[in-house]
Every structure is written in structure tokens, then in C-alpha cells.
file upload_35.txt (compact mmCIF, C-alpha atoms)
# COMPACT_ATOMS: atom_id res chain seq x y z
CA MET A 1 126.84 95.54 123.25
CA ALA A 2 129.75 96.56 121.10
CA GLY A 3 127.89 99.03 118.90
CA SER A 4 130.99 100.43 117.25
CA ALA A 5 132.19 96.97 116.23
CA LEU A 6 128.84 96.20 114.63
CA ARG A 7 128.89 99.48 112.75
CA VAL A 8 132.32 98.75 111.31
CA ALA A 9 131.31 95.22 110.39
CA GLY A 10 128.17 96.51 108.72
CA ARG A 11 130.13 98.96 106.60
CA ARG A 12 132.54 96.25 105.47
CA LEU A 13 129.61 93.99 104.61
CA SER A 14 127.88 96.63 102.51
CA GLN A 15 130.86 96.68 100.12
CA HIS A 16 130.87 92.93 99.49
CA THR A 17 127.25 91.75 99.16
CA GLY A 18 127.07 90.96 95.48
CA SER A 19 125.63 87.47 95.75
CA GLY A 20 122.44 88.35 93.91
CA VAL A 21 120.37 86.45 96.48
CA PRO A 22 117.35 88.59 97.42
CA VAL A 23 116.69 89.56 100.98
CA LEU A 24 113.72 87.86 102.63
CA LEU A 25 111.05 90.55 103.10
CA ARG A 26 107.67 90.41 104.80
CA GLN A 27 105.36 93.43 105.17
CA MET A 28 102.82 93.24 108.01
CA PHE A 29 99.99 95.62 108.91
CA GLU A 30 98.51 96.85 112.20
CA PRO A 31 95.05 98.29 111.45
CA LYS A 32 94.41 100.58 114.43
CA SER A 33 97.36 102.88 113.68
CA CYS A 34 97.72 101.81 110.02
CA THR A 35 101.33 100.90 110.73
CA TYR A 36 103.51 98.70 108.55
CA THR A 37 106.07 96.44 110.24
CA TYR A 38 108.82 94.99 108.07
CA LEU A 39 110.71 91.75 108.60
CA LEU A 40 113.98 91.36 106.70
CA GLY A 41 116.06 88.22 106.86
CA ASP A 42 119.04 86.44 105.36
CA ARG A 43 118.03 82.98 104.15
CA GLU A 44 121.55 81.61 104.61
CA SER A 45 122.47 82.79 108.13
CA ARG A 46 118.78 82.99 109.27
CA GLU A 47 119.56 86.35 110.90
CA ALA A 48 116.80 88.96 110.76
CA VAL A 49 115.75 92.49 111.72
CA LEU A 50 112.26 93.87 112.34
CA ILE A 51 111.44 97.50 111.53
CA ASP A 52 108.74 99.42 113.45
CA PRO A 53 107.07 96.65 115.48
CA VAL A 54 103.76 97.44 117.22
CA LEU A 55 102.92 96.22 120.72
CA GLU A 56 99.56 94.72 119.77
CA THR A 57 101.06 92.65 116.93
CA ALA A 58 104.38 91.68 118.53
CA GLN A 59 103.09 88.17 119.29
CA ARG A 60 102.12 87.74 115.64
CA ASP A 61 105.53 88.93 114.48
CA ALA A 62 107.36 86.64 116.90
CA GLN A 63 105.32 83.68 115.69
CA LEU A 64 106.15 84.42 112.05
CA ILE A 65 109.84 84.74 112.86
CA LYS A 66 109.77 81.33 114.56
CA GLU A 67 107.82 79.73 111.70
CA LEU A 68 110.37 80.98 109.17
CA GLY A 69 113.23 79.66 111.28
CA LEU A 70 114.81 83.09 111.72
CA ARG A 71 116.79 84.55 114.60
CA LEU A 72 115.80 88.13 115.33
CA LEU A 73 118.85 90.26 116.07
CA TYR A 74 117.26 93.70 116.25
CA ALA A 75 113.85 95.32 116.74
CA VAL A 76 114.41 98.67 115.06
CA ASN A 77 112.33 101.85 115.25
CA THR A 78 112.48 104.58 112.62
CA HIS A 79 111.58 107.15 115.32
CA CYS A 80 109.72 107.61 118.60
CA HIS A 81 106.17 107.00 117.42
CA ALA A 82 103.18 109.01 118.63
CA ASP A 83 100.35 106.81 117.32
CA HIS A 84 101.25 103.43 118.80
CA ILE A 85 103.46 101.79 121.41
CA THR A 86 106.46 100.02 119.97
CA GLY A 87 106.68 96.25 120.26
CA SER A 88 110.43 96.37 120.90
CA GLY A 89 110.20 95.71 124.63
CA LEU A 90 107.87 92.73 124.28
CA LEU A 91 109.93 91.22 121.46
CA ARG A 92 113.03 91.32 123.65
CA SER A 93 111.11 89.10 126.05
CA LEU A 94 109.53 86.82 123.45
CA LEU A 95 112.73 86.34 121.45
CA PRO A 96 115.77 86.32 123.77
CA GLY A 97 118.82 87.78 122.09
CA CYS A 98 116.83 90.46 120.28
CA GLN A 99 118.05 94.00 120.97
CA SER A 100 116.17 97.28 120.58
CA VAL A 101 117.51 99.99 118.25
CA ILE A 102 116.60 103.65 117.81
CA SER A 103 118.34 106.89 116.87
CA ARG A 104 120.32 108.57 119.63
CA LEU A 105 118.62 111.84 118.68
CA SER A 106 115.22 110.39 119.59
CA GLY A 107 116.11 110.65 123.28
CA ALA A 108 114.52 107.23 123.85
CA GLN A 109 116.11 104.31 125.66
CA ALA A 110 117.37 101.34 123.66
CA ASP A 111 120.09 98.71 123.61
CA TRP A 112 121.75 100.42 120.66
CA HIS A 113 121.56 104.11 119.79
CA ILE A 114 122.35 104.50 116.11
CA GLU A 115 123.79 107.50 114.30
CA ASP A 116 123.65 108.75 110.72
CA GLY A 117 125.83 106.43 108.60
CA ASP A 118 125.69 103.44 110.92
CA SER A 119 124.97 100.03 109.40
CA ILE A 120 122.82 97.30 110.91
CA GLN A 121 124.15 93.92 109.82
CA PHE A 122 122.10 90.73 109.44
CA GLY A 123 123.87 87.93 107.63
CA ARG A 124 125.02 88.99 104.17
CA PHE A 125 122.90 92.14 104.26
CA ALA A 126 122.98 95.48 106.03
CA LEU A 127 120.70 98.46 106.54
CA GLU A 128 122.35 101.84 106.14
CA THR A 129 121.07 104.49 108.56
CA ARG A 130 120.24 107.84 106.98
CA ALA A 131 119.16 110.59 109.36
CA SER A 132 115.92 112.09 108.00
CA PRO A 133 114.66 114.49 110.70
CA GLY A 134 111.71 116.85 110.37
CA HIS A 135 108.75 114.75 111.48
CA THR A 136 110.75 114.31 114.69
CA PRO A 137 114.44 115.12 115.37
CA GLY A 138 115.25 111.41 115.70
CA CYS A 139 113.73 110.12 112.45
CA VAL A 140 115.89 107.84 110.32
CA THR A 141 115.48 106.06 107.00
CA PHE A 142 116.94 102.56 106.62
CA VAL A 143 118.34 101.74 103.18
CA LEU A 144 119.25 98.19 102.14
CA ASN A 145 122.93 98.12 101.24
CA ASP A 146 122.29 97.52 97.52
CA HIS A 147 119.96 100.58 97.47
CA SER A 148 117.07 98.48 96.19
CA MET A 149 114.69 99.46 99.00
CA ALA A 150 114.32 102.14 101.66
CA PHE A 151 112.23 102.08 104.83
CA THR A 152 111.30 105.71 105.32
CA GLY A 153 109.29 105.70 108.54
CA ASP A 154 107.09 108.81 108.70
CA ALA A 155 109.52 111.03 106.78
CA LEU A 156 108.21 109.98 103.36
CA LEU A 157 104.82 108.35 102.87
CA ILE A 158 103.23 107.23 99.61
CA ARG A 159 102.12 110.52 98.00
CA GLY A 160 102.54 112.24 101.33
CA CYS A 161 104.81 112.77 104.34
CA GLY A 162 104.72 112.86 108.11
CA ARG A 163 103.24 115.83 109.91
CA THR A 164 105.55 118.42 111.50
CA ASP A 165 103.34 120.16 114.05
CA PHE A 166 104.40 118.29 117.23
CA GLN A 167 107.38 116.43 118.76
CA GLN A 168 109.78 119.22 117.72
CA GLY A 169 108.84 118.77 114.07
CA CYS A 170 110.07 121.20 111.41
CA ALA A 171 108.67 121.34 107.87
CA LYS A 172 111.78 122.94 106.35
CA THR A 173 114.01 120.29 107.92
CA LEU A 174 111.75 117.50 106.64
CA TYR A 175 111.79 118.91 103.11
CA HIS A 176 115.58 118.92 103.00
CA SER A 177 115.80 115.47 104.61
CA VAL A 178 113.63 113.89 101.94
CA HIS A 179 115.28 115.67 99.03
CA GLU A 180 118.85 115.11 100.22
CA LYS A 181 118.67 111.70 101.90
CA ILE A 182 115.88 109.84 100.06
CA PHE A 183 115.35 111.43 96.65
CA THR A 184 119.07 111.02 95.94
CA LEU A 185 118.61 107.23 95.90
CA PRO A 186 118.14 105.42 92.55
CA GLY A 187 114.77 106.06 90.95
CA ASN A 188 113.81 102.37 91.06
CA CYS A 189 114.57 102.09 94.78
CA LEU A 190 111.39 100.80 96.46
CA ILE A 191 109.90 103.03 99.15
CA TYR A 192 108.34 101.27 102.13
CA PRO A 193 106.71 103.75 104.57
CA ALA A 194 105.74 103.26 108.20
CA HIS A 195 102.09 104.03 107.48
CA ASP A 196 99.51 104.14 104.74
CA TYR A 197 95.87 105.16 105.12
CA HIS A 198 94.67 104.33 101.59
CA GLY A 199 95.63 100.68 101.11
CA LEU A 200 98.86 101.35 99.21
CA THR A 201 101.85 99.22 100.16
CA VAL A 202 104.92 100.40 98.24
CA SER A 203 106.16 103.17 95.98
CA THR A 204 109.47 104.12 94.34
CA VAL A 205 111.85 107.05 94.63
CA GLU A 206 111.02 108.14 91.08
CA GLU A 207 107.27 108.03 91.73
CA GLU A 208 107.57 110.18 94.82
CA ARG A 209 110.04 112.58 93.21
CA THR A 210 107.56 113.26 90.39
CA LEU A 211 104.11 112.54 91.83
CA ASN A 212 104.19 113.40 95.55
CA PRO A 213 101.85 116.42 95.75
CA ARG A 214 103.68 117.97 98.69
CA LEU A 215 107.31 117.22 97.97
CA THR A 216 107.20 118.29 94.32
CA LEU A 217 106.61 121.82 95.62
CA ASN A 218 109.49 124.15 96.37
CA CYS A 219 110.55 124.41 99.98
CA GLU A 220 108.67 127.63 100.70
CA GLU A 221 105.41 126.28 99.30
CA PHE A 222 105.89 123.00 101.15
CA VAL A 223 106.29 124.81 104.47
CA LYS A 224 103.09 126.78 103.84
CA VAL A 225 101.13 123.61 103.08
CA MET A 226 102.44 121.82 106.17
CA ASN A 227 101.65 124.80 108.41
CA LYS A 228 98.00 124.77 107.27
CA LEU A 229 97.19 121.08 107.70
CA ASN A 230 95.35 121.55 111.03
CA LEU A 231 95.34 117.82 111.75
CA PRO A 232 93.73 116.39 114.91
CA LYS A 233 95.95 115.27 117.75
CA PRO A 234 96.98 111.58 117.47
CA GLN A 235 94.64 109.58 119.69
CA GLN A 236 97.37 107.60 121.48
CA ILE A 237 100.06 110.31 121.73
CA ASP A 238 99.74 110.88 125.50
CA VAL A 239 100.29 107.16 126.16
CA ALA A 240 102.49 106.20 123.21
CA VAL A 241 105.25 108.80 123.45
CA PRO A 242 106.07 108.31 127.17
CA ALA A 243 105.94 104.53 126.71
CA ASN A 244 108.14 104.63 123.63
CA MET A 245 110.74 106.71 125.43
CA ARG A 246 111.41 103.71 127.69
CA CYS A 247 109.84 100.57 126.19
CA GLY A 248 112.88 99.86 124.07
CA ILE A 249 114.75 98.26 126.96
CA GLN A 250 112.14 97.64 129.65
CA THR A 251 110.14 94.47 130.09
CA PRO A 252 106.51 94.57 128.90
CA PRO A 253 104.83 94.97 132.34
CA SER A 254 106.59 98.34 132.70
CA CYS A 255 105.01 99.60 129.49
CA PRO A 256 101.38 100.84 129.80
CA LEU A 257 98.99 99.35 127.29
CA PRO A 258 96.69 101.66 125.32
CA ASP A 259 92.99 101.61 126.08
CA ARG A 260 91.16 99.03 124.02
CA PRO A 261 87.65 99.54 122.61

call {"tool": "encode", "arguments": {"input": "upload_35.txt", "output": "C-alpha cells"}}
result
Amino acid sequence: MAGSALRVAGRRLSQHTGSGVPVLLRQMFEPKSCTYTYLLGDRESREAVLIDPVLETAQRDAQLIKELGLRLLYAVNTHCHADHITGSGLLRSLLPGCQSVISRLSGAQADWHIEDGDSIQFGRFALETRASPGHTPGCVTFVLNDHSMAFTGDALLIRGCGRTDFQQGCAKTLYHSVHEKIFTLPGNCLIYPAHDYHGLTVSTVEEERTLNPRLTLNCEEFVKVMNKLNLPKPQQIDVAVPANMRCGIQTPPSCPLPDRP
């Protein structure tokens, strides 16, 4: 795959998408890990990307993509997840031509390792990659090229943020990532997180800048709060992380399935 060529093309595209035609967006939910998966598509070219797919719902996502007449170019992960196994590997099998994408700094295998500033092109649209480490070193936020929406993974949640007590997390790094890479976006930019545990689906940059109880603190206070969370270990971490380090490019039988109730 000519990653560098796609990055250049994506950057050119981001300067010339003024058509006013909205991107096709679908938000899907996986209840066990409370994960949101996002499908974005271009209605004209029928090209699409899928952000943070989950193994258990990959069949559902593939069916929706087929029903909408889309061609999935990329199954993209915001980071190496600890609470579920990515659906990237299975989607590559279900939808030939789909390629897996993850940050190079994640250390995980994928067809395309993206860097800060890279653009992921699909039709007339592109997702800008913004490195937002802290939850993990390889976390990224994907910003639609008109800055109308951002897909923040676990870096920024609705009225919260990702934990920083495992997978080389760092609270100070996360604080600066959010303030410098996400809170600098327009206030009306929609925030779509990777998870929500309270039934909320979307927020805005302005809401989180002013209402997020953790990230409205100063950095020192934020670090103290994060260091005292004492959260339980994610139930699937021992299975999910090793699988996610390789599932991006392997076929599904090579990826262990989590235990089912």
C-alpha cells in the first residue's frame, strides 16, 4: 500500500472540499464494552471508513455497509483497545479491499501505520489524524477535514476522559493532548467518543471545554484526580490487548475470541 501517496492525496483533498454536501454518518453501539463504532461515507463515490469496529459486531457493520451500497476502504482504530477485540481483522475478510489502520506508536500490526498529521481520504472527504496520547502512547483523534466533528477515542469522553493507569498511560500527557489537539478545534465541533457509559451519544468542544469536570481543572489538579481513580482492571484486557496487537492484519481464526457468558 502506498501510504505516503494516500497521505498527500488526503492533504490536497482537505483544502478543496467545499461542496456543502454532508458526510454520511452512522453511530453504532456494542453493549458489552459500551463502545461506539462510527461509519463515515461519501454519498457520491460510495467510499467509506469505519472507526473503532468491535469483533462481536463486525458482521452487523459489514451488513450495514452492504445495505448502504458503500465500499469500505479502511477499518480504523483510535488506539490499541483494552476492553474489546477490534473487528478490523474480520472486516478485512468480510469486505475484501478493506485495510486496517492504526497509529505507528501503538506498536500494533496493521496495513497502514498512520502518523500525526496524516489524512485518511474517502471520496470528497478526509479524516485528519491528530496524535492525542496519554490514555495510551498510540492514541489518535480523527477530525473531519471541515472541523465539524472529531472522533476522540478514549482521549476525551463526554464529561470524562480515558484512564491513564495502564498501557503506558500518563495523565499529564493526556491533559496536554486534549487541551492542545482537541480543545483548539472550533467550539461547535461535535465530539464523538469511543465509549459512553451513561447513554450519551455526542458532545461539543465548547461543552467539554467548559463542563468536563476533569479537564476544566488545571494540569496539577487533573493529575491528582487521575492518580486517585482506583478503577478495576478491564475485564477483557488480558485477551484484548494481545489480540489487538496482531488482529489488524491477521485473519479471524488467528484472533482469540473473548469468553462469552

call {"tool": "residues_around", "arguments": {"input": "upload_35.txt", "residues": "Gln99 in chain A", "least_positions_apart": "2", "cutoff": "12 Å", "atoms": "only C-alpha atoms", "output": "JSON, numbers by chain"}}
result
{"A": [1, 2, 3, 48, 49, 50, 71, 72, 73, 74, 75, 76, 77, 87, 88, 89, 90, 91, 92, 93, 94, 95, 96, 97, 101, 102, 109, 110, 111, 112, 113, 120, 247, 248, 249, 250]}

call {"tool": "residues_around", "arguments": {"input": "upload_35.txt", "residues": "Val241 in chain A", "least_positions_apart": "4", "cutoff": "7 Å", "atoms": "all atoms listed in the file", "output": "PDB file with C-alpha atoms, keeping the file's coordinate frame"}}
result
ATOM      1  CA  CYS A  80     109.720 107.610 118.600  1.00  0.00           C
ATOM      2  CA  HIS A  81     106.170 107.000 117.420  1.00  0.00           C
ATOM      3  CA  ALA A  82     103.180 109.010 118.630  1.00  0.00           C
ATOM      4  CA  ILE A 237     100.060 110.310 121.730  1.00  0.00           C
ATOM      5  CA  MET A 245     110.740 106.710 125.430  1.00  0.00           C
TER       6      MET A 245
END

call {"tool": "closest_residue", "arguments": {"input": "upload_35.txt", "among": "A:Arg209, A:Arg104, A:Lys66, A:His198", "to": "Pro31 in chain A", "atoms": "only C-alpha atoms"}}
result
A:His198

call {"tool": "residues_around", "arguments": {"input": "upload_35.txt", "residues": "range 191-195 of chain A", "least_positions_apart": "6", "cutoff": "6 Å", "atoms": "only C-alpha atoms", "output": "list in words"}}
result
Cys34, Thr35, Tyr36, Met149, Ala150, Phe151, Thr152, Gly153, Asp154, Leu157, Val202, Ser203 and Thr204 of chain A

call {"tool": "closest_residue", "arguments": {"input": "upload_35.txt", "among": "A:Gln121, A:Gln235, A:Asn145, A:Thr216", "to": "Cys161 in chain A", "atoms": "only C-alpha atoms"}}
result
A:Thr216

call {"tool": "closest_residue", "arguments": {"input": "upload_35.txt", "among": "A:Cys219, A:Leu229, A:Leu200, A:Leu190", "to": "Val178 in chain A", "atoms": "all atoms listed in the file"}}
result
A:Cys219

call {"tool": "closest_residue", "arguments": {"input": "upload_35.txt", "among": "A:Leu55, A:Leu70, A:Ile158, A:Ala126", "to": "Thr86 in chain A", "atoms": "only C-alpha atoms"}}
result
A:Leu55

call {"tool": "atom_distance", "arguments": {"input": "upload_35.txt", "atom1": "CA of Gly123 in chain A", "atom2": "CA of Glu56 in chain A"}}
result
28.0 Å

call {"tool": "residues_near_point", "arguments": {"input": "upload_35.txt", "point": "(106.3, 114.9, 95.6)", "cutoff": "10 Å", "atoms": "only C-alpha atoms", "output": "PyMOL selection string"}}
result
chain A and resi 156-161+178-179+183+205-218+222

call {"tool": "atom_distance", "arguments": {"input": "upload_35.txt", "atom1": "CA of Leu127 in chain A", "atom2": "CA of Leu40 in chain A"}}
result
9.8 Å

call {"tool": "residues_around", "arguments": {"input": "upload_35.txt", "residues": "Cys170 in chain A", "least_positions_apart": "2", "cutoff": "12 Å", "atoms": "all atoms listed in the file", "output": "MDAnalysis selection string"}}
result
chainID A and resid 132:139 155 162:168 172:177 219 222:224 226:227

call {"tool": "build_atoms", "arguments": {"input": "upload_35.txt", "residues": "range 65-97 of chain A", "atoms": "N, CA and C atoms", "output": "PDB file, in the coordinates of the input"}}
result
ATOM      1  N   ILE A  65     108.384  84.894 112.822  1.00  0.00           N
ATOM      2  CA  ILE A  65     109.840  84.740 112.860  1.00  0.00           C
ATOM      3  C   ILE A  65     110.218  83.297 113.212  1.00  0.00           C
ATOM      4  N   LYS A  66     109.508  82.727 114.175  1.00  0.00           N
ATOM      5  CA  LYS A  66     109.770  81.330 114.560  1.00  0.00           C
ATOM      6  C   LYS A  66     109.401  80.374 113.432  1.00  0.00           C
ATOM      7  N   GLU A  67     108.257  80.606 112.788  1.00  0.00           N
ATOM      8  CA  GLU A  67     107.820  79.730 111.700  1.00  0.00           C
ATOM      9  C   GLU A  67     108.805  79.726 110.537  1.00  0.00           C
ATOM     10  N   LEU A  68     109.416  80.869 110.273  1.00  0.00           N
ATOM     11  CA  LEU A  68     110.370  80.980 109.170  1.00  0.00           C
ATOM     12  C   LEU A  68     111.772  80.529 109.560  1.00  0.00           C
ATOM     13  N   GLY A  69     111.939  80.145 110.825  1.00  0.00           N
ATOM     14  CA  GLY A  69     113.230  79.660 111.280  1.00  0.00           C
ATOM     15  C   GLY A  69     114.296  80.736 111.339  1.00  0.00           C
ATOM     16  N   LEU A  70     113.879  81.963 111.652  1.00  0.00           N
ATOM     17  CA  LEU A  70     114.810  83.090 111.720  1.00  0.00           C
ATOM     18  C   LEU A  70     115.210  83.387 113.152  1.00  0.00           C
ATOM     19  N   ARG A  71     116.321  84.077 113.293  1.00  0.00           N
ATOM     20  CA  ARG A  71     116.790  84.550 114.600  1.00  0.00           C
ATOM     21  C   ARG A  71     116.804  86.074 114.563  1.00  0.00           C
ATOM     22  N   LEU A  72     115.920  86.685 115.347  1.00  0.00           N
ATOM     23  CA  LEU A  72     115.800  88.130 115.330  1.00  0.00           C
ATOM     24  C   LEU A  72     116.926  88.776 116.120  1.00  0.00           C
ATOM     25  N   LEU A  73     117.740  89.550 115.418  1.00  0.00           N
ATOM     26  CA  LEU A  73     118.850  90.260 116.070  1.00  0.00           C
ATOM     27  C   LEU A  73     118.412  91.601 116.641  1.00  0.00           C
ATOM     28  N   TYR A  74     117.594  92.330 115.869  1.00  0.00           N
ATOM     29  CA  TYR A  74     117.260  93.700 116.250  1.00  0.00           C
ATOM     30  C   TYR A  74     115.792  94.009 115.979  1.00  0.00           C
ATOM     31  N   ALA A  75     115.152  94.690 116.932  1.00  0.00           N
ATOM     32  CA  ALA A  75     113.850  95.320 116.740  1.00  0.00           C
ATOM     33  C   ALA A  75     114.118  96.814 116.623  1.00  0.00           C
ATOM     34  N   VAL A  76     113.937  97.336 115.419  1.00  0.00           N
ATOM     35  CA  VAL A  76     114.410  98.670 115.060  1.00  0.00           C
ATOM     36  C   VAL A  76     113.221  99.616 114.909  1.00  0.00           C
ATOM     37  N   ASN A  77     113.349 100.828 115.423  1.00  0.00           N
ATOM     38  CA  ASN A  77     112.330 101.850 115.250  1.00  0.00           C
ATOM     39  C   ASN A  77     112.857 103.002 114.415  1.00  0.00           C
ATOM     40  N   THR A  78     112.051 103.454 113.447  1.00  0.00           N
ATOM     41  CA  THR A  78     112.480 104.580 112.620  1.00  0.00           C
ATOM     42  C   THR A  78     112.434 105.893 113.387  1.00  0.00           C
ATOM     43  N   HIS A  79     111.648 105.945 114.471  1.00  0.00           N
ATOM     44  CA  HIS A  79     111.580 107.150 115.320  1.00  0.00           C
ATOM     45  C   HIS A  79     110.733 106.820 116.539  1.00  0.00           C
ATOM     46  N   CYS A  80     110.583 107.775 117.422  1.00  0.00           N
ATOM     47  CA  CYS A  80     109.720 107.610 118.600  1.00  0.00           C
ATOM     48  C   CYS A  80     108.286 107.915 118.154  1.00  0.00           C
ATOM     49  N   HIS A  81     107.507 106.870 117.987  1.00  0.00           N
ATOM     50  CA  HIS A  81     106.170 107.000 117.420  1.00  0.00           C
ATOM     51  C   HIS A  81     105.194 107.654 118.388  1.00  0.00           C
ATOM     52  N   ALA A  82     104.202 108.363 117.817  1.00  0.00           N
ATOM     53  CA  ALA A  82     103.180 109.010 118.630  1.00  0.00           C
ATOM     54  C   ALA A  82     101.825 108.330 118.508  1.00  0.00           C
ATOM     55  N   ASP A  83     101.679 107.401 117.559  1.00  0.00           N
ATOM     56  CA  ASP A  83     100.350 106.810 117.320  1.00  0.00           C
ATOM     57  C   ASP A  83     100.238 105.364 117.750  1.00  0.00           C
ATOM     58  N   HIS A  84     101.317 104.791 118.258  1.00  0.00           N
ATOM     59  CA  HIS A  84     101.250 103.430 118.800  1.00  0.00           C
ATOM     60  C   HIS A  84     102.451 103.191 119.710  1.00  0.00           C
ATOM     61  N   ILE A  85     102.339 102.189 120.556  1.00  0.00           N
ATOM     62  CA  ILE A  85     103.460 101.790 121.410  1.00  0.00           C
ATOM     63  C   ILE A  85     104.287 100.756 120.661  1.00  0.00           C
ATOM     64  N   THR A  86     105.576 100.950 120.661  1.00  0.00           N
ATOM     65  CA  THR A  86     106.460 100.020 119.970  1.00  0.00           C
ATOM     66  C   THR A  86     106.411  98.630 120.610  1.00  0.00           C
ATOM     67  N   GLY A  87     106.611  97.625 119.774  1.00  0.00           N
ATOM     68  CA  GLY A  87     106.680  96.250 120.260  1.00  0.00           C
ATOM     69  C   GLY A  87     108.081  95.817 120.648  1.00  0.00           C
ATOM     70  N   SER A  88     109.039  96.731 120.630  1.00  0.00           N
ATOM     71  CA  SER A  88     110.430  96.370 120.900  1.00  0.00           C
ATOM     72  C   SER A  88     110.614  95.683 122.253  1.00  0.00           C
ATOM     73  N   GLY A  89     110.012  96.264 123.287  1.00  0.00           N
ATOM     74  CA  GLY A  89     110.200  95.710 124.630  1.00  0.00           C
ATOM     75  C   GLY A  89     109.648  94.295 124.740  1.00  0.00           C
ATOM     76  N   LEU A  90     108.465  94.062 124.207  1.00  0.00           N
ATOM     77  CA  LEU A  90     107.870  92.730 124.280  1.00  0.00           C
ATOM     78  C   LEU A  90     108.663  91.731 123.457  1.00  0.00           C
ATOM     79  N   LEU A  91     109.156  92.135 122.301  1.00  0.00           N
ATOM     80  CA  LEU A  91     109.930  91.220 121.460  1.00  0.00           C
ATOM     81  C   LEU A  91     111.225  90.800 122.121  1.00  0.00           C
ATOM     82  N   ARG A  92     111.816  91.686 122.914  1.00  0.00           N
ATOM     83  CA  ARG A  92     113.030  91.320 123.650  1.00  0.00           C
ATOM     84  C   ARG A  92     112.741  90.186 124.634  1.00  0.00           C
ATOM     85  N   SER A  93     111.508  90.157 125.132  1.00  0.00           N
ATOM     86  CA  SER A  93     111.110  89.100 126.050  1.00  0.00           C
ATOM     87  C   SER A  93     110.718  87.830 125.306  1.00  0.00           C
ATOM     88  N   LEU A  94     110.003  87.982 124.204  1.00  0.00           N
ATOM     89  CA  LEU A  94     109.530  86.820 123.450  1.00  0.00           C
ATOM     90  C   LEU A  94     110.652  86.117 122.699  1.00  0.00           C
ATOM     91  N   LEU A  95     111.646  86.879 122.261  1.00  0.00           N
ATOM     92  CA  LEU A  95     112.730  86.340 121.450  1.00  0.00           C
ATOM     93  C   LEU A  95     114.070  86.722 122.078  1.00  0.00           C
ATOM     94  N   PRO A  96     114.511  85.989 123.088  1.00  0.00           N
ATOM     95  CA  PRO A  96     115.770  86.320 123.770  1.00  0.00           C
ATOM     96  C   PRO A  96     116.916  86.453 122.775  1.00  0.00           C
ATOM     97  N   GLY A  97     117.729  87.477 122.997  1.00  0.00           N
ATOM     98  CA  GLY A  97     118.820  87.780 122.090  1.00  0.00           C
ATOM     99  C   GLY A  97     118.513  88.964 121.194  1.00  0.00           C
TER     100      GLY A  97
END
